[in-house]
file entry.txt (compact mmCIF, C-alpha atoms)
# COMPACT_ATOMS: atom_id res chain seq x y z
CA MET A 1 -27.78 -22.69 26.22
CA LYS A 2 -30.47 -20.26 25.13
CA TRP A 3 -30.55 -18.97 21.56
CA LEU A 4 -31.09 -15.26 20.96
CA SER A 5 -34.16 -14.30 18.98
CA ASP A 6 -33.82 -12.55 15.61
CA ASP A 7 -35.16 -9.33 17.11
CA LYS A 8 -32.53 -9.34 19.84
CA LEU A 9 -29.80 -10.13 17.32
CA SER A 10 -30.96 -7.32 15.10
CA TYR A 11 -30.98 -4.94 18.07
CA LEU A 12 -27.46 -5.96 19.08
CA ARG A 13 -26.24 -5.53 15.51
CA THR A 14 -27.74 -2.03 15.42
CA VAL A 15 -26.12 -1.10 18.73
CA VAL A 16 -22.74 -2.28 17.50
CA THR A 17 -23.01 -0.70 14.03
CA ASN A 18 -24.52 2.63 14.94
CA PRO A 19 -22.36 5.39 16.34
CA ASP A 20 -22.29 6.05 20.05
CA PHE A 21 -23.55 9.59 20.58
CA SER A 22 -23.76 9.20 24.38
CA SER A 23 -20.98 11.71 25.01
CA THR A 24 -22.64 14.31 22.80
CA LYS A 25 -25.86 16.27 22.99
CA TYR A 26 -27.35 14.16 20.18
CA ALA A 27 -29.64 11.14 20.35
CA PHE A 28 -29.44 8.60 17.54
CA ILE A 29 -32.66 8.04 15.57
CA LYS A 30 -31.85 6.24 12.33
CA GLU A 31 -29.47 5.93 9.41
CA LEU A 32 -30.27 8.20 6.46
CA ALA A 33 -27.61 7.50 3.84
CA ARG A 34 -24.30 5.73 3.50
CA GLY A 35 -21.44 7.02 1.34
CA GLY A 36 -17.89 6.03 0.59
CA MET A 37 -16.35 8.09 3.36
CA GLY A 38 -19.12 8.60 5.85
CA THR A 39 -22.66 7.78 6.85
CA VAL A 40 -25.37 10.31 7.55
CA TYR A 41 -27.65 9.67 10.51
CA LEU A 42 -30.78 11.35 11.71
CA ALA A 43 -30.43 12.45 15.31
CA GLU A 44 -32.09 14.71 17.80
CA ASP A 45 -30.31 17.67 19.30
CA ARG A 46 -31.42 17.24 22.92
CA GLU A 47 -30.45 20.77 23.94
CA LEU A 48 -32.24 22.61 21.17
CA ASN A 49 -34.89 19.94 20.72
CA ARG A 50 -34.59 19.70 16.95
CA LEU A 51 -33.69 17.12 14.37
CA VAL A 52 -30.27 17.23 12.78
CA ALA A 53 -28.38 15.20 10.20
CA ILE A 54 -25.04 13.93 11.48
CA LYS A 55 -22.29 12.75 9.20
CA VAL A 56 -19.89 10.27 10.80
CA LEU A 57 -16.82 8.62 9.30
CA ASN A 58 -17.45 4.99 8.42
CA THR A 59 -14.37 3.41 9.93
CA PRO A 60 -13.43 3.70 13.60
CA ASP A 61 -9.71 3.09 12.89
CA ILE A 62 -9.37 6.34 11.01
CA THR A 63 -6.17 7.77 9.72
CA GLU A 64 -5.13 11.33 10.43
CA ASP A 65 -5.77 12.19 6.78
CA LEU A 66 -9.36 10.94 6.92
CA ARG A 67 -9.98 12.79 10.14
CA ASN A 68 -8.56 15.99 8.61
CA ARG A 69 -10.73 15.52 5.54
CA MET A 70 -13.83 15.26 7.63
CA VAL A 71 -13.01 18.34 9.68
CA ARG A 72 -12.10 20.11 6.48
CA GLU A 73 -15.47 19.28 4.93
CA ALA A 74 -17.26 20.64 7.99
CA GLN A 75 -15.21 23.82 7.97
CA ILE A 76 -15.73 24.36 4.26
CA ILE A 77 -19.49 24.09 4.58
CA ALA A 78 -19.58 26.15 7.76
CA ARG A 79 -17.86 29.03 6.03
CA LEU A 80 -20.12 28.92 2.99
CA GLU A 81 -23.15 30.65 4.43
CA HIS A 82 -25.70 30.59 1.61
CA PRO A 83 -29.36 29.51 1.44
CA GLY A 84 -28.36 26.91 -1.15
CA ILE A 85 -25.68 25.29 0.99
CA VAL A 86 -26.70 23.14 3.94
CA PRO A 87 -25.49 24.82 7.17
CA VAL A 88 -23.23 23.03 9.65
CA HIS A 89 -24.19 23.43 13.31
CA ASP A 90 -21.48 21.55 15.14
CA VAL A 91 -18.37 19.40 14.77
CA GLY A 92 -16.95 16.93 17.29
CA THR A 93 -15.45 13.52 18.00
CA LEU A 94 -17.20 10.34 19.13
CA PRO A 95 -15.86 8.15 21.98
CA ASP A 96 -14.35 5.77 19.39
CA GLY A 97 -12.35 8.65 17.88
CA ARG A 98 -14.49 9.14 14.79
CA VAL A 99 -15.08 12.72 13.68
CA PHE A 100 -18.66 13.82 13.13
CA TYR A 101 -20.40 16.99 12.18
CA ALA A 102 -24.03 17.97 12.65
CA MET A 103 -25.89 19.87 9.97
CA LYS A 104 -29.40 20.98 9.18
CA PHE A 105 -31.75 18.07 8.54
CA VAL A 106 -33.30 18.80 5.16
CA ARG A 107 -36.77 17.41 4.66
CA GLY A 108 -37.43 16.77 1.02
CA SER A 109 -36.07 14.69 -1.81
CA ARG A 110 -32.92 14.37 -3.85
CA LEU A 111 -32.90 16.03 -7.25
CA ASP A 112 -33.10 12.69 -9.08
CA GLU A 113 -36.12 11.65 -6.99
CA TYR A 114 -37.65 15.09 -7.45
CA ALA A 115 -37.16 14.93 -11.23
CA ALA A 116 -38.85 11.53 -11.32
CA VAL A 117 -42.13 13.08 -10.16
CA ASN A 118 -41.81 16.62 -11.57
CA ASP A 119 -41.61 16.71 -15.34
CA SER A 120 -42.15 20.45 -15.80
CA ILE A 121 -39.08 21.67 -17.67
CA ARG A 122 -39.49 25.22 -16.32
CA ASP A 123 -39.61 23.96 -12.76
CA ARG A 124 -36.54 21.81 -13.26
CA LEU A 125 -34.66 24.70 -14.85
CA ARG A 126 -35.56 26.98 -11.93
CA LYS A 127 -34.20 24.42 -9.48
CA PHE A 128 -31.12 23.97 -11.63
CA GLN A 129 -30.54 27.73 -11.67
CA ALA A 130 -30.68 27.74 -7.86
CA VAL A 131 -28.01 25.01 -7.84
CA CYS A 132 -25.84 27.12 -10.17
CA ASP A 133 -26.24 30.11 -7.85
CA ALA A 134 -25.18 28.12 -4.78
CA VAL A 135 -22.17 26.72 -6.64
CA ALA A 136 -21.32 30.20 -7.97
CA PHE A 137 -21.35 31.44 -4.36
CA ALA A 138 -18.90 28.70 -3.37
CA HIS A 139 -16.70 29.56 -6.36
CA ALA A 140 -16.71 33.21 -5.33
CA HIS A 141 -15.34 32.04 -1.99
CA GLY A 142 -12.67 29.96 -3.64
CA VAL A 143 -14.24 26.52 -3.24
CA ILE A 144 -15.01 24.02 -6.00
CA HIS A 145 -17.31 21.11 -5.16
CA ARG A 146 -15.89 18.43 -7.50
CA ASP A 147 -18.74 15.96 -6.97
CA LEU A 148 -21.88 17.68 -8.22
CA LYS A 149 -24.59 15.21 -9.19
CA PRO A 150 -28.36 14.90 -8.68
CA GLN A 151 -27.79 12.67 -5.64
CA ASN A 152 -25.91 15.50 -3.91
CA ILE A 153 -28.67 18.06 -4.44
CA MET A 154 -31.67 18.20 -2.14
CA ILE A 155 -35.00 19.85 -2.83
CA GLY A 156 -36.62 20.84 0.44
CA SER A 157 -40.31 20.60 1.29
CA PHE A 158 -40.81 24.25 0.40
CA GLY A 159 -38.90 24.05 -2.88
CA GLU A 160 -35.59 25.24 -1.44
CA VAL A 161 -32.51 23.86 -3.16
CA LEU A 162 -29.49 22.69 -1.16
CA VAL A 163 -26.14 21.45 -2.40
CA LEU A 164 -24.75 18.69 -0.16
CA ASP A 165 -21.62 16.61 0.28
CA TRP A 166 -18.64 18.92 0.11
CA GLY A 167 -16.37 16.06 1.19
CA VAL A 168 -14.08 16.27 -1.85
CA ALA A 169 -14.24 20.02 -2.33
CA LYS A 170 -11.09 21.84 -3.37
CA ILE A 171 -9.91 25.21 -2.15
CA LEU A 172 -8.84 27.58 -4.89
CA ALA A 173 -8.68 30.94 -3.14
CA THR A 174 -5.32 32.28 -2.19
CA ASP A 175 -5.73 34.36 0.89
CA GLY A 176 -7.43 36.96 3.00
CA THR A 177 -10.79 38.55 2.64
CA ASP A 178 -12.75 39.02 -0.53
CA GLU A 179 -14.46 42.23 -1.65
CA SER A 180 -17.65 41.43 0.23
CA GLY A 181 -15.72 41.15 3.48
CA SER A 182 -16.24 37.40 3.81
CA ILE A 183 -13.42 35.18 4.97
CA ARG A 184 -11.76 33.22 2.22
CA LEU A 185 -10.40 29.78 2.84
CA HIS A 186 -6.64 29.55 2.98
CA PRO A 187 -5.02 26.68 1.11
CA CYS A 188 -2.23 26.42 3.71
CA ASP A 189 -4.53 25.78 6.66
CA PRO A 190 -3.40 22.54 8.35
CA TRP A 191 -6.71 20.80 7.71
CA LEU A 192 -6.63 21.51 4.01
CA THR A 193 -4.76 18.40 2.97
CA ASP A 194 -5.45 18.18 -0.71
CA THR A 195 -5.83 15.22 -2.99
CA SER A 196 -2.63 14.34 -4.80
CA ALA A 197 -2.25 14.45 -8.58
CA GLY A 198 -3.43 11.34 -10.39
CA THR A 199 -6.18 10.59 -7.90
CA VAL A 200 -9.60 10.38 -9.51
CA ILE A 201 -12.31 11.79 -7.30
CA GLY A 202 -15.95 12.42 -8.09
CA THR A 203 -18.61 10.46 -9.92
CA ARG A 204 -17.77 9.13 -13.38
CA ASP A 205 -20.93 10.24 -15.21
CA TYR A 206 -20.75 13.76 -13.86
CA MET A 207 -17.04 14.53 -13.80
CA SER A 208 -15.16 16.67 -16.29
CA PRO A 209 -12.58 15.03 -18.62
CA GLU A 210 -9.69 16.66 -16.75
CA GLN A 211 -11.09 15.36 -13.45
CA ALA A 212 -11.49 11.88 -14.92
CA ARG A 213 -7.84 11.99 -16.00
CA GLY A 214 -6.87 12.78 -12.42
CA GLU A 215 -5.41 16.17 -13.35
CA ILE A 216 -6.07 17.58 -9.91
CA ASP A 217 -3.90 20.66 -10.48
CA GLN A 218 -5.87 21.56 -13.61
CA LEU A 219 -9.22 21.65 -11.83
CA ASP A 220 -10.92 24.99 -11.47
CA GLU A 221 -14.48 26.36 -11.47
CA ARG A 222 -15.00 25.00 -14.97
CA ALA A 223 -14.80 21.42 -13.65
CA ASP A 224 -17.92 22.19 -11.62
CA VAL A 225 -19.44 23.89 -14.69
CA TYR A 226 -19.01 20.58 -16.55
CA SER A 227 -20.70 18.68 -13.71
CA LEU A 228 -23.53 21.24 -13.70
CA GLY A 229 -23.88 20.64 -17.45
CA ALA A 230 -24.13 16.90 -16.74
CA VAL A 231 -26.81 17.57 -14.11
CA LEU A 232 -28.67 19.71 -16.66
CA HIS A 233 -28.36 16.89 -19.19
CA PHE A 234 -29.86 14.53 -16.60
CA LEU A 235 -32.79 16.93 -16.13
CA LEU A 236 -33.37 17.34 -19.86
CA LYS A 237 -32.88 13.78 -21.09
CA ASP A 238 -36.47 12.65 -20.50
CA GLN A 239 -37.98 15.80 -21.98
CA PRO A 240 -39.53 15.20 -25.41
CA LYS A 241 -38.58 18.66 -26.71
CA PRO A 242 -36.11 20.45 -24.46
CA GLY A 243 -35.42 23.05 -27.15
CA LYS A 244 -32.27 23.89 -29.11
CA ALA A 245 -31.25 26.66 -26.73
CA ALA A 246 -31.42 24.35 -23.69
CA GLU A 247 -29.44 21.70 -25.53
CA ALA A 248 -26.86 24.29 -26.57
CA ILE A 249 -26.45 25.44 -22.96
CA CYS A 250 -25.93 21.84 -21.94
CA SER A 251 -23.37 21.23 -24.70
CA LYS A 252 -21.46 24.41 -23.89
CA ALA A 253 -21.32 23.55 -20.18
CA MET A 254 -20.14 20.02 -21.03
CA ALA A 255 -17.55 20.98 -23.64
CA ASN A 256 -14.51 18.70 -23.53
CA ALA A 257 -12.06 21.59 -23.49
CA LYS A 258 -12.61 23.70 -20.42
CA GLU A 259 -11.82 26.85 -22.44
CA ASP A 260 -14.99 26.20 -24.45
CA ARG A 261 -17.24 25.98 -21.37
CA TYR A 262 -18.91 28.77 -19.46
CA SER A 263 -16.18 30.47 -17.49
CA SER A 264 -18.24 30.37 -14.29
CA ALA A 265 -21.35 28.89 -12.73
CA SER A 266 -22.85 32.38 -12.54
CA GLU A 267 -22.46 32.74 -16.32
CA LEU A 268 -24.28 29.42 -16.74
CA SER A 269 -26.96 30.56 -14.29
CA ALA A 270 -27.41 33.79 -16.28
CA ASP A 271 -27.97 31.81 -19.49
CA ILE A 272 -30.54 29.59 -17.73
CA GLY A 273 -32.25 32.77 -16.54
CA ARG A 274 -32.38 34.08 -20.12
CA LEU A 275 -33.77 30.75 -21.29
CA LEU A 276 -36.52 30.92 -18.65
CA ASP A 277 -37.34 34.51 -19.66
CA ALA A 278 -37.46 33.49 -23.35
CA ASP A 279 -34.54 35.81 -24.09
CA PRO A 280 -31.68 34.86 -26.44
CA VAL A 281 -29.02 32.71 -24.73
CA SER A 282 -25.30 33.17 -25.26
CA ALA A 283 -24.79 29.48 -26.13
CA TYR A 284 -27.06 29.46 -29.17
CA GLN A 285 -27.16 31.66 -32.27
CA GLU A 286 -30.76 31.56 -33.47
CA ASN A 287 -31.90 32.33 -37.00
CA ALA A 288 -34.57 34.91 -37.91
CA ILE A 289 -37.45 32.39 -37.83
CA GLU A 290 -36.42 31.07 -34.42
CA LYS A 291 -36.02 34.63 -33.17
CA ALA A 292 -39.50 35.55 -34.38
CA SER A 293 -41.11 32.42 -32.97
CA ARG A 294 -39.42 32.99 -29.58
CA TRP A 295 -40.69 36.60 -29.60
CA VAL A 296 -44.21 35.47 -30.45
CA SER A 297 -44.23 32.80 -27.77
CA LYS A 298 -42.89 35.30 -25.22
CA ASN A 299 -45.46 37.93 -26.19
CA ARG A 300 -48.34 35.59 -26.89
CA PHE A 301 -50.96 37.77 -25.23
CA LEU A 302 -49.92 40.95 -27.03
CA VAL A 303 -49.86 39.10 -30.36
CA LEU A 304 -53.35 37.74 -29.69
CA LEU A 305 -54.63 41.23 -28.86
CA VAL A 306 -53.18 42.76 -32.01
CA LEU A 307 -54.53 39.86 -34.08
CA ALA A 308 -57.96 40.33 -32.51
CA TYR A 309 -57.77 44.02 -33.35
CA LEU A 310 -56.79 43.37 -36.96
CA LEU A 311 -59.50 40.72 -37.37
CA MET A 312 -62.07 43.13 -36.02
CA ARG A 313 -60.86 45.83 -38.40
CA ILE A 314 -61.15 43.45 -41.36
CA PHE A 315 -64.61 42.46 -40.16
CA PHE A 316 -65.72 46.12 -40.10
CA VAL A 317 -64.20 46.80 -43.51
CA PHE A 318 -66.35 44.10 -45.10
CA THR A 319 -69.52 44.64 -43.07
CA SER A 320 -69.68 48.45 -43.38
CA ARG A 321 -69.54 48.46 -47.18
CA PRO A 322 -72.71 49.79 -48.78
CA MET B 1 -38.18 52.10 -22.67
CA SER B 2 -40.24 54.12 -20.21
CA LYS B 3 -43.93 53.39 -19.78
CA PRO B 4 -45.17 56.78 -21.10
CA LEU B 5 -42.88 56.45 -24.15
CA ILE B 6 -44.21 52.97 -24.94
CA GLY B 7 -47.73 54.34 -24.53
CA VAL B 8 -47.10 57.24 -26.92
CA ILE B 9 -45.38 55.11 -29.59
CA LEU B 10 -47.90 52.27 -29.48
CA GLY B 11 -50.85 54.69 -29.28
CA ALA B 12 -49.56 56.63 -32.30
CA VAL B 13 -48.84 53.52 -34.40
CA LEU B 14 -52.16 51.83 -33.64
CA GLY B 15 -54.04 55.12 -34.06
CA PHE B 16 -52.36 55.67 -37.42
CA ILE B 17 -53.28 52.14 -38.60
CA ASP B 18 -56.77 52.64 -37.21
CA GLY B 19 -57.13 55.85 -39.25
CA LEU B 20 -55.79 54.25 -42.42
CA THR B 21 -58.51 51.61 -42.36
CA ALA B 22 -60.97 54.40 -43.21
CA TRP B 23 -59.68 54.01 -46.77
CA PHE B 24 -61.79 50.86 -47.07
CA THR B 25 -64.92 52.93 -46.45
CA PRO B 26 -65.55 54.76 -49.78
CA ALA B 27 -67.95 57.26 -48.15
CA VAL B 28 -65.16 58.79 -46.04
CA ARG B 29 -62.18 58.12 -48.32
CA ASP B 30 -61.89 61.76 -49.34
CA GLN B 31 -61.45 62.71 -45.67
CA LEU B 32 -58.73 60.13 -45.11
CA GLY B 33 -55.96 62.66 -44.22
CA GLY B 34 -58.02 64.25 -41.47
CA ILE B 35 -59.15 60.88 -40.14
CA VAL B 36 -55.56 59.56 -39.99
CA ILE B 37 -54.31 62.69 -38.20
CA GLY B 38 -57.25 62.67 -35.79
CA SER B 39 -56.92 58.98 -35.10
CA THR B 40 -53.15 59.26 -34.54
CA LEU B 41 -53.67 62.19 -32.16
CA LYS B 42 -56.31 60.22 -30.31
CA GLY B 43 -53.87 57.31 -30.00
CA ILE B 44 -51.13 59.60 -28.71
CA ILE B 45 -53.43 61.16 -26.10
CA ALA B 46 -54.59 57.73 -24.98
CA GLY B 47 -50.97 56.50 -24.92
CA ILE B 48 -49.81 59.44 -22.76
CA ALA B 49 -52.66 58.99 -20.29
CA ILE B 50 -52.24 55.21 -20.08
CA GLY B 51 -48.43 55.46 -19.95
CA PHE B 52 -48.41 57.91 -17.05
CA PHE B 53 -51.05 55.86 -15.27
CA ALA B 54 -48.84 52.77 -15.68
CA LYS B 55 -45.90 54.71 -14.27
CA LYS B 56 -47.93 55.43 -11.15
CA PHE B 57 -49.74 52.11 -10.71
CA HIS B 58 -47.81 48.89 -11.22
CA SER B 59 -50.60 46.43 -11.84
CA LEU B 60 -51.32 44.58 -15.07
CA PRO B 61 -55.08 44.11 -14.53
CA ILE B 62 -55.61 47.72 -13.37
CA GLY B 63 -53.49 48.97 -16.30
CA ILE B 64 -55.57 46.96 -18.76
CA VAL B 65 -58.88 48.20 -17.30
CA PHE B 66 -57.65 51.80 -17.30
CA GLY B 67 -56.45 51.49 -20.92
CA LEU B 68 -59.78 49.99 -21.91
CA LEU B 69 -61.71 52.85 -20.27
CA VAL B 70 -59.51 55.60 -21.75
CA GLY B 71 -59.68 54.01 -25.21
CA ALA B 72 -63.46 53.64 -24.96
CA PHE B 73 -63.97 57.20 -23.73
CA LEU B 74 -61.82 58.84 -26.42
CA ALA B 75 -63.44 56.71 -29.12
CA TRP B 76 -66.89 57.63 -27.80
CA LEU B 77 -65.92 61.34 -28.00
CA VAL B 78 -64.91 60.91 -31.64
CA ALA B 79 -68.09 59.00 -32.46
CA PHE B 80 -70.17 61.57 -30.60
CA MET B 81 -68.59 64.47 -32.54
CA GLN B 82 -69.13 62.58 -35.77
CA GLY B 83 -72.68 61.71 -34.81
CA GLY B 84 -72.59 58.05 -35.90
CA TYR B 85 -70.64 54.83 -36.40
CA TYR B 86 -70.58 54.38 -32.59
CA PHE B 87 -69.96 50.64 -32.68
CA GLU B 88 -67.38 50.82 -35.49
CA ILE B 89 -65.41 53.54 -33.71
CA ILE B 90 -65.78 52.63 -30.03
CA LEU B 91 -64.95 48.91 -30.32
CA PRO B 92 -61.57 49.32 -32.10
CA GLY B 93 -60.73 52.34 -29.91
CA THR B 94 -61.41 50.30 -26.78
CA LEU B 95 -59.24 47.46 -28.03
CA VAL B 96 -56.42 49.89 -28.84
CA GLY B 97 -56.64 51.22 -25.26
CA LEU B 98 -56.55 47.66 -23.93
CA ILE B 99 -53.45 46.82 -26.00
CA VAL B 100 -51.66 50.00 -24.90
CA GLY B 101 -52.65 49.38 -21.26
CA PHE B 102 -51.26 45.85 -21.42
CA ALA B 103 -48.06 46.79 -23.25
CA THR B 104 -47.16 49.72 -20.96
CA GLN B 105 -47.51 47.56 -17.83
CA LYS B 106 -45.80 44.54 -19.31
CA TYR B 107 -42.92 46.07 -21.26
CA GLY B 108 -42.39 49.53 -19.81
CA LYS B 109 -39.39 50.00 -17.54
CA THR B 110 -39.93 51.58 -14.15
CA PRO B 111 -37.08 53.87 -13.07
CA ALA B 112 -35.08 52.34 -10.18
CA ALA B 113 -35.94 53.75 -6.78
CA ALA B 114 -33.41 56.20 -5.33
CA GLN B 115 -30.93 54.55 -2.94

call {"tool": "encode", "arguments": {"input": "entry.txt", "output": "structure tokens"}}
result
Amino acid sequence: MKWLSDDKLSYLRTVVTNPDFSSTKYAFIKELARGGMGTVYLAEDRELNRLVAIKVLNTPDITEDLRNRMVREAQIIARLEHPGIVPVHDVGTLPDGRVFYAMKFVRGSRLDEYAAVNDSIRDRLRKFQAVCDAVAFAHAHGVIHRDLKPQNIMIGSFGEVLVLDWGVAKILATDGTDESGSIRLHPCDPWLTDTSAGTVIGTRDYMSPEQARGEIDQLDERADVYSLGAVLHFLLKDQPKPGKAAEAICSKAMANAKEDRYSSASELSADIGRLLDADPVSAYQENAIEKASRWVSKNRFLVLLVLAYLLMRIFFVFTSRP
Amino acid sequence: MSKPLIGVILGAVLGFIDGLTAWFTPAVRDQLGGIVIGSTLKGIIAGIAIGFFAKKFHSLPIGIVFGLLVGAFLAWLVAFMQGGYYFEIILPGTLVGLIVGFATQKYGKTPAAAQ
């Protein structure tokens, strides 16, 4: 009997573990990430000759519910056409019955990795605002993400921000078409099997108290606002002086009672925008000294010019005396 | 606030302050009223010119250079009519023009383009 070499064993293991894309137009390249429900692979679209990321369910013996969830995730993302939401190109089934969907392959790093090498608070806040805008877009289309965390946010090579992993998203919208003419998701669609009450979904450190209690029916946009607040907290925690206004925004977004939070992600985004523009934020009532110091720091150049003018005037007053 | 309005207000305020500083020069203290009025008018004229320029050209560096030139020219006119104190008049006048040029470009609102 001849023993197989380690290389051959490793190859066989890979062949067995990796999904069989032979019946599709995709060619397997490598595994990118593994999650609870599915694994994301890098593959090549042989027809269009481009790289794609393909998410495949982990288990071949899938239940109907899991299959529906996967299709649901693909359909949710496909309908959310926004620069901050990774686009889905295709959905299909592998020979072993597993559902997969192909999406844009984002070159870049996750928000947590990005934050580890970029300590500029302004830059982080700009990225965070882009996340808020993408989430606000989803909310406007009746979808809440329910698992927002730095690991589910990608920063592309050109600074673009993409929100990933809509696998546990919840549909809130009721029906029909919204004011902008876009299609809204319908909660009665057969693939929209929702999570039952009492089930805890999401990531502990980033989920709202009502989500942690499994109050699925109570979840609305403000659950995502809480998670966004937790993401903001993550981005601010290593900053030596994030500022009272930034901390107040974070606290308001992460309020225990959802009534005390921002009512929407767009409201949170607007406050971040005001913070970046050195304007007063809704979450923090500043005193006169803070107001003046914010004004001075915002108008530093003008203040310097006026000071230079006054200094020059004083200089002339004393030098032109007989 | 529109750019010309910012220019007028800032030009008038700085011109007024500029005129008031003549009080510290005993030789011209008895002409203080005329100096303040003249200086304020000069500031207003500079503010109008710089404000309308800012309305037409949306560029911070060009706005600053234009403000500086207008301020310097008007101050030179004043010094020329007075026949002295060139440095003491032109330098503050130039700086006032620079401040107005900066402020109109930076803080003035441009009316939204017609749809």

call {"tool": "atom_distance", "arguments": {"input": "entry.txt", "atom1": "atom CA of Lys244 of chain A", "atom2": "atom CA of Tyr262 of chain A"}}
result
17.2 Å

call {"tool": "interface_residues", "arguments": {"input": "entry.txt", "of": "chain B", "to": "chain A", "cutoff": "7 Å", "atoms": "all atoms listed in the file", "output": "count of residues only"}}
result
6

call {"tool": "residues_around", "arguments": {"input": "entry.txt", "residues": "segment 8-11 of chain B", "least_positions_apart": "4", "cutoff": "8 Å", "atoms": "only C-alpha atoms", "output": "ChimeraX atom specification"}}
result
/B:4,15,40,42-48,51,96-97,100

call {"tool": "write_last_selection", "arguments": {"input": "entry.txt", "atoms": "C-alpha atoms", "output": "mmCIF file, keeping the file's coordinate frame"}}
result
data_model
loop_
_atom_site.group_PDB
_atom_site.id
_atom_site.type_symbol
_atom_site.label_atom_id
_atom_site.label_comp_id
_atom_site.auth_asym_id
_atom_site.auth_seq_id
_atom_site.Cartn_x
_atom_site.Cartn_y
_atom_site.Cartn_z
ATOM 1 C CA PRO B 4 -45.170 56.780 -21.100
ATOM 2 C CA GLY B 15 -54.040 55.120 -34.060
ATOM 3 C CA THR B 40 -53.150 59.260 -34.540
ATOM 4 C CA LYS B 42 -56.310 60.220 -30.310
ATOM 5 C CA GLY B 43 -53.870 57.310 -30.000
ATOM 6 C CA ILE B 44 -51.130 59.600 -28.710
ATOM 7 C CA ILE B 45 -53.430 61.160 -26.100
ATOM 8 C CA ALA B 46 -54.590 57.730 -24.980
ATOM 9 C CA GLY B 47 -50.970 56.500 -24.920
ATOM 10 C CA ILE B 48 -49.810 59.440 -22.760
ATOM 11 C CA GLY B 51 -48.430 55.460 -19.950
ATOM 12 C CA VAL B 96 -56.420 49.890 -28.840
ATOM 13 C CA GLY B 97 -56.640 51.220 -25.260
ATOM 14 C CA VAL B 100 -51.660 50.000 -24.900
#

call {"tool": "residues_around", "arguments": {"input": "entry.txt", "residues": "Ile144 of chain A", "least_positions_apart": "3", "cutoff": "8 Å", "atoms": "all atoms listed in the file", "output": "mmCIF file with C-alpha atoms, in the frame of the given file"}}
result
data_model
loop_
_atom_site.group_PDB
_atom_site.id
_atom_site.type_symbol
_atom_site.label_atom_id
_atom_site.label_comp_id
_atom_site.auth_asym_id
_atom_site.auth_seq_id
_atom_site.Cartn_x
_atom_site.Cartn_y
_atom_site.Cartn_z
ATOM 1 C CA VAL A 135 -22.170 26.720 -6.640
ATOM 2 C CA ALA A 138 -18.900 28.700 -3.370
ATOM 3 C CA HIS A 139 -16.700 29.560 -6.360
ATOM 4 C CA ALA A 169 -14.240 20.020 -2.330
ATOM 5 C CA LYS A 170 -11.090 21.840 -3.370
ATOM 6 C CA ILE A 171 -9.910 25.210 -2.150
ATOM 7 C CA LEU A 172 -8.840 27.580 -4.890
ATOM 8 C CA ASP A 220 -10.920 24.990 -11.470
ATOM 9 C CA GLU A 221 -14.480 26.360 -11.470
ATOM 10 C CA ASP A 224 -17.920 22.190 -11.620
#

call {"tool": "residues_around", "arguments": {"input": "entry.txt", "residues": "segment 105-107 of chain B", "least_positions_apart": "2", "cutoff": "8 Å", "atoms": "all atoms listed in the file", "output": "ChimeraX atom specification"}}
result
/B:1,3,6,54,58-60,63,101-103,109

call {"tool": "closest_residue", "arguments": {"input": "entry.txt", "among": "B:Gly34, B:Leu98, B:Gly84, B:Phe52", "to": "Val65 of chain B", "atoms": "all atoms listed in the file"}}
result
B:Leu98

call {"tool": "residues_around", "arguments": {"input": "entry.txt", "residues": "Ala134 of chain A", "least_positions_apart": "4", "cutoff": "9 Å", "atoms": "all atoms listed in the file", "output": "list in words"}}
result
His82, Pro83, Gly84, Ile85, Gln129, Ala130, Ala138, His139, Val161, Leu162, Val163 and Ala265 of chain A

call {"tool": "atom_distance", "arguments": {"input": "entry.txt", "atom1": "atom CA of Gln239 of chain A", "atom2": "atom CA of Asp119 of chain A"}}
result
7.6 Å

call {"tool": "atom_distance", "arguments": {"input": "entry.txt", "atom1": "atom CA of Cys132 of chain A", "atom2": "atom CA of Lys258 of chain A"}}
result
17.1 Å

call {"tool": "build_atoms", "arguments": {"input": "entry.txt", "residues": "segment 59-66 of chain B", "atoms": "N, CA and C atoms", "output": "CSV table (one decimal), keeping the file's coordinate frame"}}
result
chain,number,residue,atom,x,y,z
B,59,SER,N,-49.7,47.6,-11.9
B,59,SER,CA,-50.6,46.4,-11.8
B,59,SER,C,-51.1,46.2,-13.2
B,60,LEU,N,-50.9,44.9,-13.7
B,60,LEU,CA,-51.3,44.6,-15.1
B,60,LEU,C,-52.8,44.7,-15.2
B,61,PRO,N,-53.6,44.0,-14.3
B,61,PRO,CA,-55.1,44.1,-14.5
B,61,PRO,C,-55.6,45.5,-14.5
B,62,ILE,N,-55.1,46.3,-13.5
B,62,ILE,CA,-55.6,47.7,-13.4
B,62,ILE,C,-55.2,48.5,-14.6
B,63,GLY,N,-54.0,48.3,-15.1
B,63,GLY,CA,-53.5,49.0,-16.3
B,63,GLY,C,-54.4,48.6,-17.5
B,64,ILE,N,-54.7,47.4,-17.6
B,64,ILE,CA,-55.6,47.0,-18.8
B,64,ILE,C,-57.0,47.6,-18.7
B,65,VAL,N,-57.5,47.6,-17.5
B,65,VAL,CA,-58.9,48.2,-17.3
B,65,VAL,C,-58.8,49.7,-17.6
B,66,PHE,N,-57.8,50.4,-17.1
B,66,PHE,CA,-57.6,51.8,-17.3
B,66,PHE,C,-57.5,52.1,-18.8
